[in-house]
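Colleague: Provided below: run10.txt, containing compact mmCIF, C-alpha atoms.
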# COMPACT_ATOMS: atom_id res chain seq x y z
CA MET A 1 -20.45 24.28 -20.49
CA ASP A 2 -17.33 25.96 -19.04
CA ARG A 3 -15.78 26.87 -15.73
CA GLN A 4 -17.85 30.07 -15.60
CA ILE A 5 -21.01 27.98 -15.30
CA LEU A 6 -19.54 26.09 -12.36
CA LYS A 7 -18.58 29.35 -10.67
CA SER A 8 -21.99 30.84 -11.39
CA ALA A 9 -23.60 27.92 -9.60
CA MET A 10 -21.75 28.86 -6.42
CA ASP A 11 -22.90 32.48 -6.73
CA GLY A 12 -26.52 31.37 -6.91
CA LYS A 13 -26.98 32.53 -10.49
CA ILE A 14 -28.31 29.20 -11.73
CA ALA A 15 -31.77 28.11 -10.66
CA GLY A 16 -32.53 24.58 -9.58
CA ASN A 17 -30.86 22.31 -7.08
CA LEU A 18 -27.20 22.79 -7.96
CA ASN A 19 -26.52 23.90 -4.40
CA ARG A 20 -27.80 20.61 -3.02
CA VAL A 21 -25.18 18.17 -4.21
CA VAL A 22 -25.39 14.47 -3.35
CA LEU A 23 -24.76 12.81 -0.03
CA ARG A 24 -28.13 13.62 1.47
CA SER A 25 -29.61 11.52 4.22
CA GLY A 26 -31.98 8.74 3.27
CA ASN A 27 -31.00 5.43 1.75
CA LEU A 28 -27.31 6.17 1.18
CA ASN A 29 -26.39 3.99 4.14
CA ARG A 30 -28.49 1.06 3.01
CA THR A 31 -26.70 -1.96 1.60
CA VAL A 32 -28.20 -3.43 -1.57
CA GLU A 33 -28.65 -7.14 -1.06
CA GLY A 34 -26.40 -9.24 -3.24
CA HIS A 35 -23.80 -6.50 -3.88
CA TRP A 36 -20.22 -6.79 -2.71
CA THR A 37 -19.32 -4.47 0.14
CA MET A 38 -15.86 -3.03 -0.39
CA LEU A 39 -13.68 -2.96 2.69
CA GLN A 40 -12.50 0.54 3.41
CA PRO A 41 -9.19 1.35 5.13
CA THR A 42 -9.13 3.31 8.36
CA PRO A 43 -7.01 6.36 7.54
CA GLU A 44 -6.60 7.34 11.19
CA ALA A 45 -4.95 4.01 11.96
CA LEU A 46 -2.33 4.36 9.22
CA PRO A 47 0.94 6.20 9.76
CA ARG A 48 1.32 9.50 7.96
CA SER A 49 3.90 9.52 5.20
CA ARG A 50 5.95 12.51 4.16
CA CYS A 51 4.48 13.79 0.94
CA ILE A 52 6.34 15.35 -1.98
CA GLN A 53 5.16 18.79 -0.95
CA CYS A 54 6.72 18.45 2.53
CA ILE A 55 9.96 16.96 1.21
CA ASN A 56 10.41 19.76 -1.30
CA GLY A 57 9.42 22.43 1.20
CA LYS A 58 6.53 23.68 -0.92
CA ALA A 59 3.93 23.74 1.85
CA LYS A 60 3.99 27.50 2.20
CA GLY A 61 2.55 30.63 0.68
CA GLY A 62 -1.06 29.77 1.48
CA ALA A 63 -0.85 26.15 0.35
CA THR A 64 -2.24 23.37 2.49
CA CYS A 65 -0.02 20.30 2.53
CA SER A 66 -1.77 17.05 1.58
CA CYS A 67 -0.42 15.31 4.68
CA GLY A 68 -1.97 17.90 6.98
CA ALA A 69 1.31 19.49 8.06
CA GLN A 70 -0.25 22.94 7.92
CA ALA A 71 -3.79 22.07 8.92
CA PRO A 72 -5.61 25.36 9.54
CA LYS A 73 -7.93 25.72 12.50
CA LYS A 74 -10.36 28.29 11.14
CA PRO A 75 -13.60 26.60 9.94
CA GLY A 76 -13.96 26.77 6.19
CA GLU A 77 -10.22 26.56 5.49
CA LEU A 78 -10.33 23.07 4.06
CA VAL A 79 -7.78 20.48 5.14
CA PHE A 80 -6.68 17.98 2.47
CA ASP A 81 -5.19 14.58 3.28
CA SER A 82 -4.13 11.60 1.17
CA SER A 83 -2.00 9.63 3.63
CA PHE A 84 -4.01 6.40 3.43
CA GLU A 85 -4.20 3.40 1.12
CA CYS A 86 -5.10 4.42 -2.46
CA GLY A 87 -4.75 8.08 -1.49
CA ASN A 88 -3.00 10.40 -3.92
CA LEU A 89 -2.70 14.18 -3.87
CA GLY A 90 0.42 16.29 -4.21
CA GLU A 91 -0.66 19.74 -3.08
CA ALA A 92 -3.71 21.95 -2.64
CA THR A 93 -3.72 25.73 -2.98
CA ARG A 94 -6.61 28.07 -2.28
CA VAL A 95 -6.82 30.54 -5.16
CA SER A 96 -10.04 32.36 -4.26
CA GLU A 97 -12.83 32.33 -1.70
CA TYR A 98 -14.50 29.31 -3.29
CA GLU A 99 -11.80 27.72 -5.46
CA TRP A 100 -8.94 25.33 -4.73
CA GLU A 101 -6.30 24.23 -7.24
CA LEU A 102 -5.07 20.68 -6.71
CA ARG A 103 -2.06 18.94 -8.20
CA LEU A 104 -1.49 15.19 -8.32
CA ARG A 105 1.61 13.24 -7.47
CA PRO A 106 2.87 11.22 -10.46
CA ASP A 107 3.04 7.45 -10.61
CA THR A 108 5.99 5.73 -8.97
CA TRP A 109 8.98 5.82 -11.32
CA ASN A 110 6.92 7.59 -13.99
CA ASP A 111 6.77 11.36 -13.61
CA LYS A 112 4.78 11.79 -16.83
CA HIS A 113 1.78 9.72 -15.69
CA ARG A 114 -0.66 11.62 -13.47
CA LEU A 115 -4.18 10.23 -13.43
CA TRP A 116 -5.39 8.65 -10.19
CA PHE A 117 -6.58 10.78 -7.30
CA MET A 118 -8.21 10.06 -3.97
CA PHE A 119 -8.16 12.45 -1.05
CA ARG A 120 -9.99 13.40 2.11
CA VAL A 121 -11.35 16.85 2.96
CA THR A 122 -12.18 18.04 6.48
CA ASN A 123 -12.75 21.30 8.36
CA ALA A 124 -15.60 22.43 6.08
CA LYS A 125 -18.41 24.73 7.15
CA PRO A 126 -22.09 23.77 6.69
CA ASN A 127 -23.38 24.74 3.25
CA GLN A 128 -19.88 25.69 2.10
CA HIS A 129 -19.46 25.84 -1.69
CA ALA A 130 -16.21 24.67 -3.24
CA LEU A 131 -14.83 24.45 -6.76
CA PHE A 132 -11.93 22.00 -7.06
CA THR A 133 -9.65 22.09 -10.11
CA ILE A 134 -7.11 19.31 -10.61
CA ALA A 135 -4.60 21.10 -12.81
CA ASN A 136 -2.05 18.53 -13.98
CA PHE A 137 -3.75 15.52 -15.57
CA SER A 138 -1.52 13.85 -18.14
CA LYS A 139 -4.21 12.04 -20.14
CA GLY A 140 -6.21 13.62 -22.95
CA LYS A 141 -8.64 10.84 -23.82
CA SER A 142 -10.81 10.27 -20.80
CA LEU A 143 -14.28 9.04 -19.95
CA TYR A 144 -14.72 12.33 -18.12
CA ARG A 145 -15.30 13.79 -21.58
CA GLU A 146 -18.12 11.29 -22.09
CA GLY A 147 -20.05 12.09 -18.93
CA MET A 148 -18.16 10.30 -16.15
CA SER A 149 -17.81 12.27 -12.92
CA PRO A 150 -15.77 11.91 -9.70
CA LEU A 151 -16.94 9.76 -6.81
CA ILE A 152 -17.78 11.04 -3.35
CA ARG A 153 -18.46 9.42 0.00
CA SER A 154 -18.13 10.49 3.61
CA ARG A 155 -17.43 8.95 7.00
CA LYS A 156 -21.09 9.16 7.99
CA ARG A 157 -22.38 8.10 4.55
CA PRO A 158 -19.86 5.52 3.34
CA THR A 159 -21.53 4.50 0.07
CA TRP A 160 -19.72 5.80 -3.01
CA GLN A 161 -21.86 8.04 -5.22
CA ARG A 162 -21.05 10.02 -8.35
CA LEU A 163 -21.25 13.76 -8.50
CA PRO A 164 -23.85 15.12 -10.95
CA GLN A 165 -22.55 15.27 -14.50
CA ASN A 166 -23.34 18.96 -14.86
CA HIS A 167 -21.04 19.72 -11.92
CA THR A 168 -17.98 18.33 -13.72
CA LEU A 169 -15.82 19.65 -16.55
CA TYR A 170 -12.74 18.02 -18.13
CA TYR A 171 -10.81 20.31 -20.45
CA ARG A 172 -7.45 21.66 -21.56
CA PRO A 173 -6.75 25.38 -21.09
CA GLU A 174 -5.57 27.62 -23.89
CA GLU A 175 -2.03 27.63 -22.52
CA LYS A 176 -0.43 24.76 -24.43
CA LYS A 177 2.17 24.08 -21.76
CA ARG A 178 -0.49 23.24 -19.16
CA GLY A 179 -1.92 19.74 -18.83
CA TYR A 180 -5.52 18.63 -18.83
CA MET A 181 -7.76 19.86 -16.02
CA LEU A 182 -10.74 18.51 -14.15
CA SER A 183 -13.03 20.98 -12.37
CA PHE A 184 -15.93 19.91 -10.19
CA PHE A 185 -18.27 21.69 -7.83
CA PHE A 186 -19.38 20.46 -4.42
CA ASN A 187 -21.43 21.73 -1.51
CA PHE A 188 -20.43 20.56 1.98
CA ASP A 189 -23.41 20.02 4.26
CA ASP A 190 -21.91 18.83 7.56
CA ASP A 191 -19.02 20.36 9.49
CA ASP A 192 -18.63 17.19 11.56
CA ASP A 193 -17.99 14.86 8.63
CA GLU A 194 -15.04 13.75 6.51
CA TYR A 195 -15.44 13.71 2.73
CA TYR A 196 -13.56 11.46 0.31
CA PHE A 197 -13.20 12.19 -3.41
CA ALA A 198 -11.86 9.64 -5.93
CA TYR A 199 -11.15 9.34 -9.64
CA ALA A 200 -13.04 6.03 -9.84
CA TYR A 201 -14.10 3.20 -7.53
CA PRO A 202 -10.93 2.35 -5.58
CA TYR A 203 -9.65 -1.20 -5.60
CA SER A 204 -6.73 -1.38 -3.23
CA TYR A 205 -3.93 -3.83 -2.73
CA THR A 206 -5.68 -4.97 0.45
CA ASP A 207 -8.88 -5.65 -1.51
CA LEU A 208 -6.93 -7.73 -4.01
CA GLN A 209 -5.16 -9.78 -1.34
CA LEU A 210 -8.45 -10.49 0.46
CA TYR A 211 -10.02 -11.65 -2.81
CA LEU A 212 -7.05 -13.90 -3.66
CA HIS A 213 -7.12 -15.32 -0.14
CA ARG A 214 -10.79 -16.26 -0.51
CA LEU A 215 -10.13 -17.68 -3.97
CA ASN A 216 -7.25 -19.73 -2.65
CA TYR A 217 -9.27 -20.94 0.35
CA TYR A 218 -12.37 -22.05 -1.56
CA CYS A 219 -10.98 -23.10 -4.93
CA SER A 220 -7.54 -24.65 -4.39
CA GLY A 221 -8.05 -27.43 -1.85
CA GLY A 222 -9.20 -31.01 -2.33
CA PRO A 223 -9.36 -33.18 -5.44
CA ASP A 224 -11.69 -30.73 -7.16
CA GLY A 225 -9.42 -27.74 -6.70
CA PHE A 226 -8.76 -25.85 -9.91
CA VAL A 227 -6.77 -22.77 -8.82
CA ILE A 228 -3.09 -22.64 -7.88
CA ARG A 229 -1.75 -19.43 -6.34
CA GLU A 230 2.00 -18.89 -6.32
CA LEU A 231 4.28 -16.00 -5.45
CA LEU A 232 5.97 -14.98 -8.69
CA THR A 233 7.98 -12.05 -7.32
CA ARG A 234 7.64 -8.90 -5.25
CA THR A 235 7.42 -5.28 -6.35
CA LEU A 236 9.85 -2.51 -5.43
CA GLN A 237 7.52 -1.74 -2.53
CA HIS A 238 7.72 -5.41 -1.45
CA ARG A 239 4.15 -6.22 -2.43
CA ARG A 240 3.19 -9.63 -3.72
CA LEU A 241 2.89 -10.26 -7.45
CA ASP A 242 0.90 -13.47 -7.72
CA LEU A 243 0.75 -16.09 -10.44
CA LEU A 244 -2.65 -17.76 -10.77
CA THR A 245 -2.96 -21.04 -12.61
CA ILE A 246 -6.44 -22.27 -13.52
CA THR A 247 -6.69 -25.92 -14.49
CA THR A 248 -9.08 -28.86 -14.28
CA ASN A 249 -6.61 -30.69 -12.06
CA PRO A 250 -3.32 -29.50 -10.52
CA GLU A 251 -1.60 -32.69 -11.70
CA ARG A 252 -2.57 -32.20 -15.32
CA GLU A 253 -1.16 -29.82 -17.87
CA ARG A 254 -1.73 -26.23 -16.92
CA HIS A 255 -4.08 -24.59 -19.37
CA LEU A 256 -4.08 -20.93 -18.38
CA GLY A 257 -1.65 -18.75 -16.48
CA ALA A 258 -2.38 -15.20 -15.42
CA ILE A 259 -0.37 -12.64 -13.52
CA SER A 260 -2.54 -10.62 -11.20
CA GLY A 261 -1.70 -7.37 -9.49
CA SER A 262 -3.17 -4.07 -8.33
CA ARG A 263 -1.93 -0.55 -8.94
CA ASP A 264 -1.21 1.30 -5.74
CA GLY A 265 1.86 3.42 -6.41
CA GLY A 266 2.61 7.01 -5.60
CA GLY A 267 0.14 8.39 -8.11
CA SER A 268 -2.09 5.41 -8.77
CA GLY A 269 -4.40 3.49 -6.58
CA GLY A 270 -7.34 1.79 -8.11
CA GLY A 271 -8.41 1.85 -11.67
CA SER A 272 -8.07 3.39 -15.09
CA ASP A 273 -10.59 4.55 -17.60
CA GLY A 274 -8.76 3.02 -20.51
Translate the structure of the given file into structure tokens.
Modeller:
Amino acid sequence: MDRQILKSAMDGKIAGNLNRVVLRSGNLNRTVEGHWTMLQPTPEALPRSRCIQCINGKAKGGATCSCGAQAPKKPGELVFDSSFECGNLGEATRVSEYEWELRLRPDTWNDKHRLWFMFRVTNAKPNQHALFTIANFSKGKSLYREGMSPLIRSRKRPTWQRLPQNHTLYYRPEEKKRGYMLSFFFNFDDDDDEYYFAYAYPYSYTDLQLYLHRLNYYCSGGPDGFVIRELLTRTLQHRRLDLLTITTNPERERHLGAISGSRDGGGSGGGSDG
């Protein structure tokens, strides 16, 4: 399989249901009993941050800035946004009628690490085909080579779902100086919806703090409490770095200490594939 197959799918040269990609109506909005429901941030309520593309003045020449600074008004000219918790996208450039080249922002204080992505796409037309290529991955060994595919959800259908495996390709181009690339195909079906794409299931700093709060509330009080939560230090972004101590009794010798934290830097937000 190569990028030509993905492009052929958009031209209708491949039979089957490749043009009907995920996120159909039906049971996508149903909650499976017994499963955790991940709290999702409300991007509209968060302040927009100046992205690298804006700061460097690169949002020109047909590029669409990830913070929406040059949001086009014509339907079908996709608008990309990553100014929300766990969001990460450096720039997006339309290279052909159906194809967009995306580039990731690197991790905070580590320009060589570019892995996590999560971004929102709006302003699509119904039944619009799109081929996204993330062109600057820094990692060679990836579960994307073993069949993993990006995740997709939308505002109207908030349950995360994976794109079909045959719509995804992880590869390195012949040019040795270029990094690893991820190409995936998607068909937008609703012009009044907002679509979110992610590297893996996001687990944000807010999710972590809510979990630790529940753990502290239910497991640390009373004579039977066995968890002690302490503030060890704070990160450069002033986020908590907690120390959890698990013991049979707080007054006894502490048996196990663990530092817990979540990754939510400039180019990372929720997970790694090892």
Colleague: For Arg103 of chain A, which of A:Arg229, A:Arg157, A:Arg162, A:Arg178 is the closest residue, counting all atoms listed in the file?
Modeller: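 For Arg103 of chain A, the nearest of the given residues is A:Arg178.
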Colleague: Restricting the calculation to all atoms listed in the file: of A:Tyr217, A:Tyr205, A:Phe185, A:Trp116, which residue gets closest to Glu85 of chain A?
Modeller: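 For Glu85 of chain A, the nearest of the candidates is A:Tyr205.
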Colleague: Which one is closest to Leu143 of chain A: A:Ala200, A:Leu163, A:Leu241, A:Leu236? Count all atoms listed in the file.
Modeller: A:Ala200
Colleague: List the neighbours of Asn123 of chain A out to 8 Å using all atoms listed in the file; skip same-chain residues closer than 5 positions along the sequence, and give me the result as a short mmCIF file (atom, residue, chain, number, x, y, z; two decimals) with C-alpha atoms, in the frame of the given file.
Modeller:
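Output file out07.cif is given in full below:
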data_model
loop_
_atom_site.label_atom_id
_atom_site.label_comp_id
_atom_site.auth_asym_id
_atom_site.auth_seq_id
_atom_site.Cartn_x
_atom_site.Cartn_y
_atom_site.Cartn_z
CA LYS A 73 -7.93 25.72 12.50
CA LYS A 74 -10.36 28.29 11.14
CA PRO A 75 -13.60 26.60 9.94
CA GLY A 76 -13.96 26.77 6.19
CA GLU A 77 -10.22 26.56 5.49
CA LEU A 78 -10.33 23.07 4.06
CA VAL A 79 -7.78 20.48 5.14
CA ASP A 191 -19.02 20.36 9.49
CA ASP A 192 -18.63 17.19 11.56
#
Colleague: Counting all atoms listed in the file, figure out which residue out of A:Pro164, A:Gly90, A:Gly140, A:Pro158 gets nearest to Gly179 of chain A.
Modeller: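 Distance minimum relative to Gly179 of chain A lands on A:Gly140.
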Colleague: For Ala92 of chain A, which residue out of A:Ile152, A:Val227, A:Leu104, A:Leu208 is the nearest one, using all atoms listed in the file?
Modeller: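 Nearest to Ala92 of chain A: A:Leu104.
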Colleague: For the point (-11.4, 13.1, -20.3) in the file's frame, write as an MDAnalysis selection string all residues with an atom no more than 10 Å away, counting only C-alpha atoms.
Modeller: chainID A and resid 137 139:149 169:172 180:182 273
Colleague: With C-alpha atoms retained, could you export that selection as a PDB file, in the coordinates of the input?
Modeller:
ATOM      1  CA  PHE A 137      -3.750  15.520 -15.570  1.00  0.00           C
ATOM      2  CA  LYS A 139      -4.210  12.040 -20.140  1.00  0.00           C
ATOM      3  CA  GLY A 140      -6.210  13.620 -22.950  1.00  0.00           C
ATOM      4  CA  LYS A 141      -8.640  10.840 -23.820  1.00  0.00           C
ATOM      5  CA  SER A 142     -10.810  10.270 -20.800  1.00  0.00           C
ATOM      6  CA  LEU A 143     -14.280   9.040 -19.950  1.00  0.00           C
ATOM      7  CA  TYR A 144     -14.720  12.330 -18.120  1.00  0.00           C
ATOM      8  CA  ARG A 145     -15.300  13.790 -21.580  1.00  0.00           C
ATOM      9  CA  GLU A 146     -18.120  11.290 -22.090  1.00  0.00           C
ATOM     10  CA  GLY A 147     -20.050  12.090 -18.930  1.00  0.00           C
ATOM     11  CA  MET A 148     -18.160  10.300 -16.150  1.00  0.00           C
ATOM     12  CA  SER A 149     -17.810  12.270 -12.920  1.00  0.00           C
ATOM     13  CA  LEU A 169     -15.820  19.650 -16.550  1.00  0.00           C
ATOM     14  CA  TYR A 170     -12.740  18.020 -18.130  1.00  0.00           C
ATOM     15  CA  TYR A 171     -10.810  20.310 -20.450  1.00  0.00           C
ATOM     16  CA  ARG A 172      -7.450  21.660 -21.560  1.00  0.00           C
ATOM     17  CA  TYR A 180      -5.520  18.630 -18.830  1.00  0.00           C
ATOM     18  CA  MET A 181      -7.760  19.860 -16.020  1.00  0.00           C
ATOM     19  CA  LEU A 182     -10.740  18.510 -14.150  1.00  0.00           C
ATOM     20  CA  ASP A 273     -10.590   4.550 -17.600  1.00  0.00           C
TER      21      ASP A 273
END
Colleague: Can you pull out the residues contacting Phe117 of chain A? Cut-off 10 Å, using all atoms listed in the file, and skip same-chain residues under 6 positions away; I want them as a ChimeraX atom specification.
Modeller: /A:82,86-90,103-106,134,137,150,197-200,202,267-270
Colleague: Produce a file of the selected residues containing C-alpha atoms, as a CSV table (one decimal), in the frame of the given file.
Modeller:
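The new file result-v1.csv reads:
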chain,number,residue,atom,x,y,z
A,82,SER,CA,-4.1,11.6,1.2
A,86,CYS,CA,-5.1,4.4,-2.5
A,87,GLY,CA,-4.8,8.1,-1.5
A,88,ASN,CA,-3.0,10.4,-3.9
A,89,LEU,CA,-2.7,14.2,-3.9
A,90,GLY,CA,0.4,16.3,-4.2
A,103,ARG,CA,-2.1,18.9,-8.2
A,104,LEU,CA,-1.5,15.2,-8.3
A,105,ARG,CA,1.6,13.2,-7.5
A,106,PRO,CA,2.9,11.2,-10.5
A,134,ILE,CA,-7.1,19.3,-10.6
A,137,PHE,CA,-3.8,15.5,-15.6
A,150,PRO,CA,-15.8,11.9,-9.7
A,197,PHE,CA,-13.2,12.2,-3.4
A,198,ALA,CA,-11.9,9.6,-5.9
A,199,TYR,CA,-11.2,9.3,-9.6
A,200,ALA,CA,-13.0,6.0,-9.8
A,202,PRO,CA,-10.9,2.4,-5.6
A,267,GLY,CA,0.1,8.4,-8.1
A,268,SER,CA,-2.1,5.4,-8.8
A,269,GLY,CA,-4.4,3.5,-6.6
A,270,GLY,CA,-7.3,1.8,-8.1
Colleague: Out of A:Ser204, A:Asn110, A:Gln237, A:Gln209, which residue has the shortest atom-to-atom distance to Ser138 of chain A when counting only C-alpha atoms?
Modeller: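 Between A:Ser204, A:Asn110, A:Gln237, A:Gln209, the residue approaching Ser138 of chain A most closely is A:Asn110.
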Colleague: Fix up segment 207-217 of chain A with all heavy atoms, then write it as a tab-separated table (two decimals), in the frame of the given file.
Modeller:
chain	number	residue	atom	x	y	z
A	207	ASP	N	-7.72	-5.00	-0.90
A	207	ASP	CA	-8.88	-5.65	-1.51
A	207	ASP	C	-8.46	-6.83	-2.36
A	207	ASP	O	-9.08	-7.90	-2.32
A	207	ASP	CB	-9.65	-4.64	-2.38
A	207	ASP	CG	-10.25	-3.52	-1.57
A	207	ASP	OD1	-10.69	-3.78	-0.44
A	207	ASP	OD2	-10.29	-2.38	-2.07
A	208	LEU	N	-7.40	-6.66	-3.14
A	208	LEU	CA	-6.93	-7.73	-4.01
A	208	LEU	C	-6.45	-8.93	-3.20
A	208	LEU	O	-6.78	-10.08	-3.51
A	208	LEU	CB	-5.79	-7.22	-4.90
A	208	LEU	CG	-5.09	-8.27	-5.75
A	208	LEU	CD1	-6.05	-8.87	-6.78
A	208	LEU	CD2	-3.87	-7.68	-6.45
A	209	GLN	N	-5.68	-8.67	-2.14
A	209	GLN	CA	-5.16	-9.78	-1.34
A	209	GLN	C	-6.29	-10.53	-0.63
A	209	GLN	O	-6.25	-11.76	-0.50
A	209	GLN	CB	-4.15	-9.26	-0.33
A	209	GLN	CG	-2.87	-8.73	-0.95
A	209	GLN	CD	-2.18	-9.76	-1.82
A	209	GLN	OE1	-1.94	-10.90	-1.40
A	209	GLN	NE2	-1.87	-9.37	-3.05
A	210	LEU	N	-7.31	-9.83	-0.17
A	210	LEU	CA	-8.45	-10.49	0.46
A	210	LEU	C	-9.19	-11.36	-0.55
A	210	LEU	O	-9.61	-12.48	-0.23
A	210	LEU	CB	-9.40	-9.45	1.05
A	210	LEU	CG	-8.90	-8.70	2.29
A	210	LEU	CD1	-9.87	-7.59	2.67
A	210	LEU	CD2	-8.70	-9.65	3.46
A	211	TYR	N	-9.35	-10.86	-1.77
A	211	TYR	CA	-10.02	-11.65	-2.81
A	211	TYR	C	-9.21	-12.90	-3.15
A	211	TYR	O	-9.76	-14.00	-3.26
A	211	TYR	CB	-10.23	-10.80	-4.06
A	211	TYR	CG	-10.73	-11.59	-5.24
A	211	TYR	CD1	-12.06	-12.00	-5.31
A	211	TYR	CD2	-9.87	-11.93	-6.28
A	211	TYR	CE1	-12.52	-12.76	-6.38
A	211	TYR	CE2	-10.32	-12.68	-7.35
A	211	TYR	CZ	-11.65	-13.08	-7.40
A	211	TYR	OH	-12.09	-13.82	-8.46
A	212	LEU	N	-7.88	-12.74	-3.33
A	212	LEU	CA	-7.05	-13.90	-3.66
A	212	LEU	C	-7.02	-14.90	-2.51
A	212	LEU	O	-6.94	-16.11	-2.74
A	212	LEU	CB	-5.63	-13.43	-4.00
A	212	LEU	CG	-5.49	-12.61	-5.28
A	212	LEU	CD1	-4.04	-12.17	-5.46
A	212	LEU	CD2	-5.96	-13.41	-6.49
A	213	HIS	N	-7.08	-14.42	-1.29
A	213	HIS	CA	-7.12	-15.32	-0.14
A	213	HIS	C	-8.40	-16.16	-0.16
A	213	HIS	O	-8.36	-17.38	0.06
A	213	HIS	CB	-7.02	-14.52	1.16
A	213	HIS	CG	-7.16	-15.36	2.39
A	213	HIS	ND1	-6.13	-16.17	2.86
A	213	HIS	CD2	-8.20	-15.55	3.25
A	213	HIS	CE1	-6.54	-16.80	3.95
A	213	HIS	NE2	-7.78	-16.44	4.21
A	214	ARG	N	-9.53	-15.51	-0.43
A	214	ARG	CA	-10.79	-16.26	-0.51
A	214	ARG	C	-10.77	-17.24	-1.68
A	214	ARG	O	-11.24	-18.38	-1.57
A	214	ARG	CB	-11.97	-15.29	-0.66
A	214	ARG	CG	-12.24	-14.45	0.57
A	214	ARG	CD	-13.59	-13.76	0.48
A	214	ARG	NE	-13.64	-12.84	-0.64
A	214	ARG	CZ	-13.37	-11.54	-0.55
A	214	ARG	NH1	-13.00	-11.03	0.62
A	214	ARG	NH2	-13.45	-10.77	-1.60
A	215	LEU	N	-10.22	-16.81	-2.80
A	215	LEU	CA	-10.13	-17.68	-3.97
A	215	LEU	C	-9.26	-18.89	-3.68
A	215	LEU	O	-9.60	-20.02	-4.02
A	215	LEU	CB	-9.55	-16.88	-5.14
A	215	LEU	CG	-9.60	-17.55	-6.53
A	215	LEU	CD1	-11.04	-17.69	-7.00
A	215	LEU	CD2	-8.79	-16.74	-7.53
A	216	ASN	N	-8.15	-18.64	-3.00
A	216	ASN	CA	-7.25	-19.73	-2.65
A	216	ASN	C	-7.88	-20.68	-1.64
A	216	ASN	O	-7.70	-21.91	-1.71
A	216	ASN	CB	-5.95	-19.15	-2.09
A	216	ASN	CG	-4.88	-20.19	-1.88
A	216	ASN	OD1	-4.40	-20.81	-2.83
A	216	ASN	ND2	-4.50	-20.40	-0.63
A	217	TYR	N	-8.66	-20.12	-0.71
A	217	TYR	CA	-9.27	-20.94	0.35
A	217	TYR	C	-10.38	-21.84	-0.21
A	217	TYR	O	-10.47	-23.02	0.15
A	217	TYR	CB	-9.83	-20.02	1.43
A	217	TYR	CG	-10.48	-20.75	2.59
A	217	TYR	CD1	-9.70	-21.27	3.62
A	217	TYR	CD2	-11.86	-20.91	2.64
A	217	TYR	CE1	-10.29	-21.95	4.68
A	217	TYR	CE2	-12.45	-21.58	3.70
A	217	TYR	CZ	-11.68	-22.10	4.72
A	217	TYR	OH	-12.27	-22.77	5.76
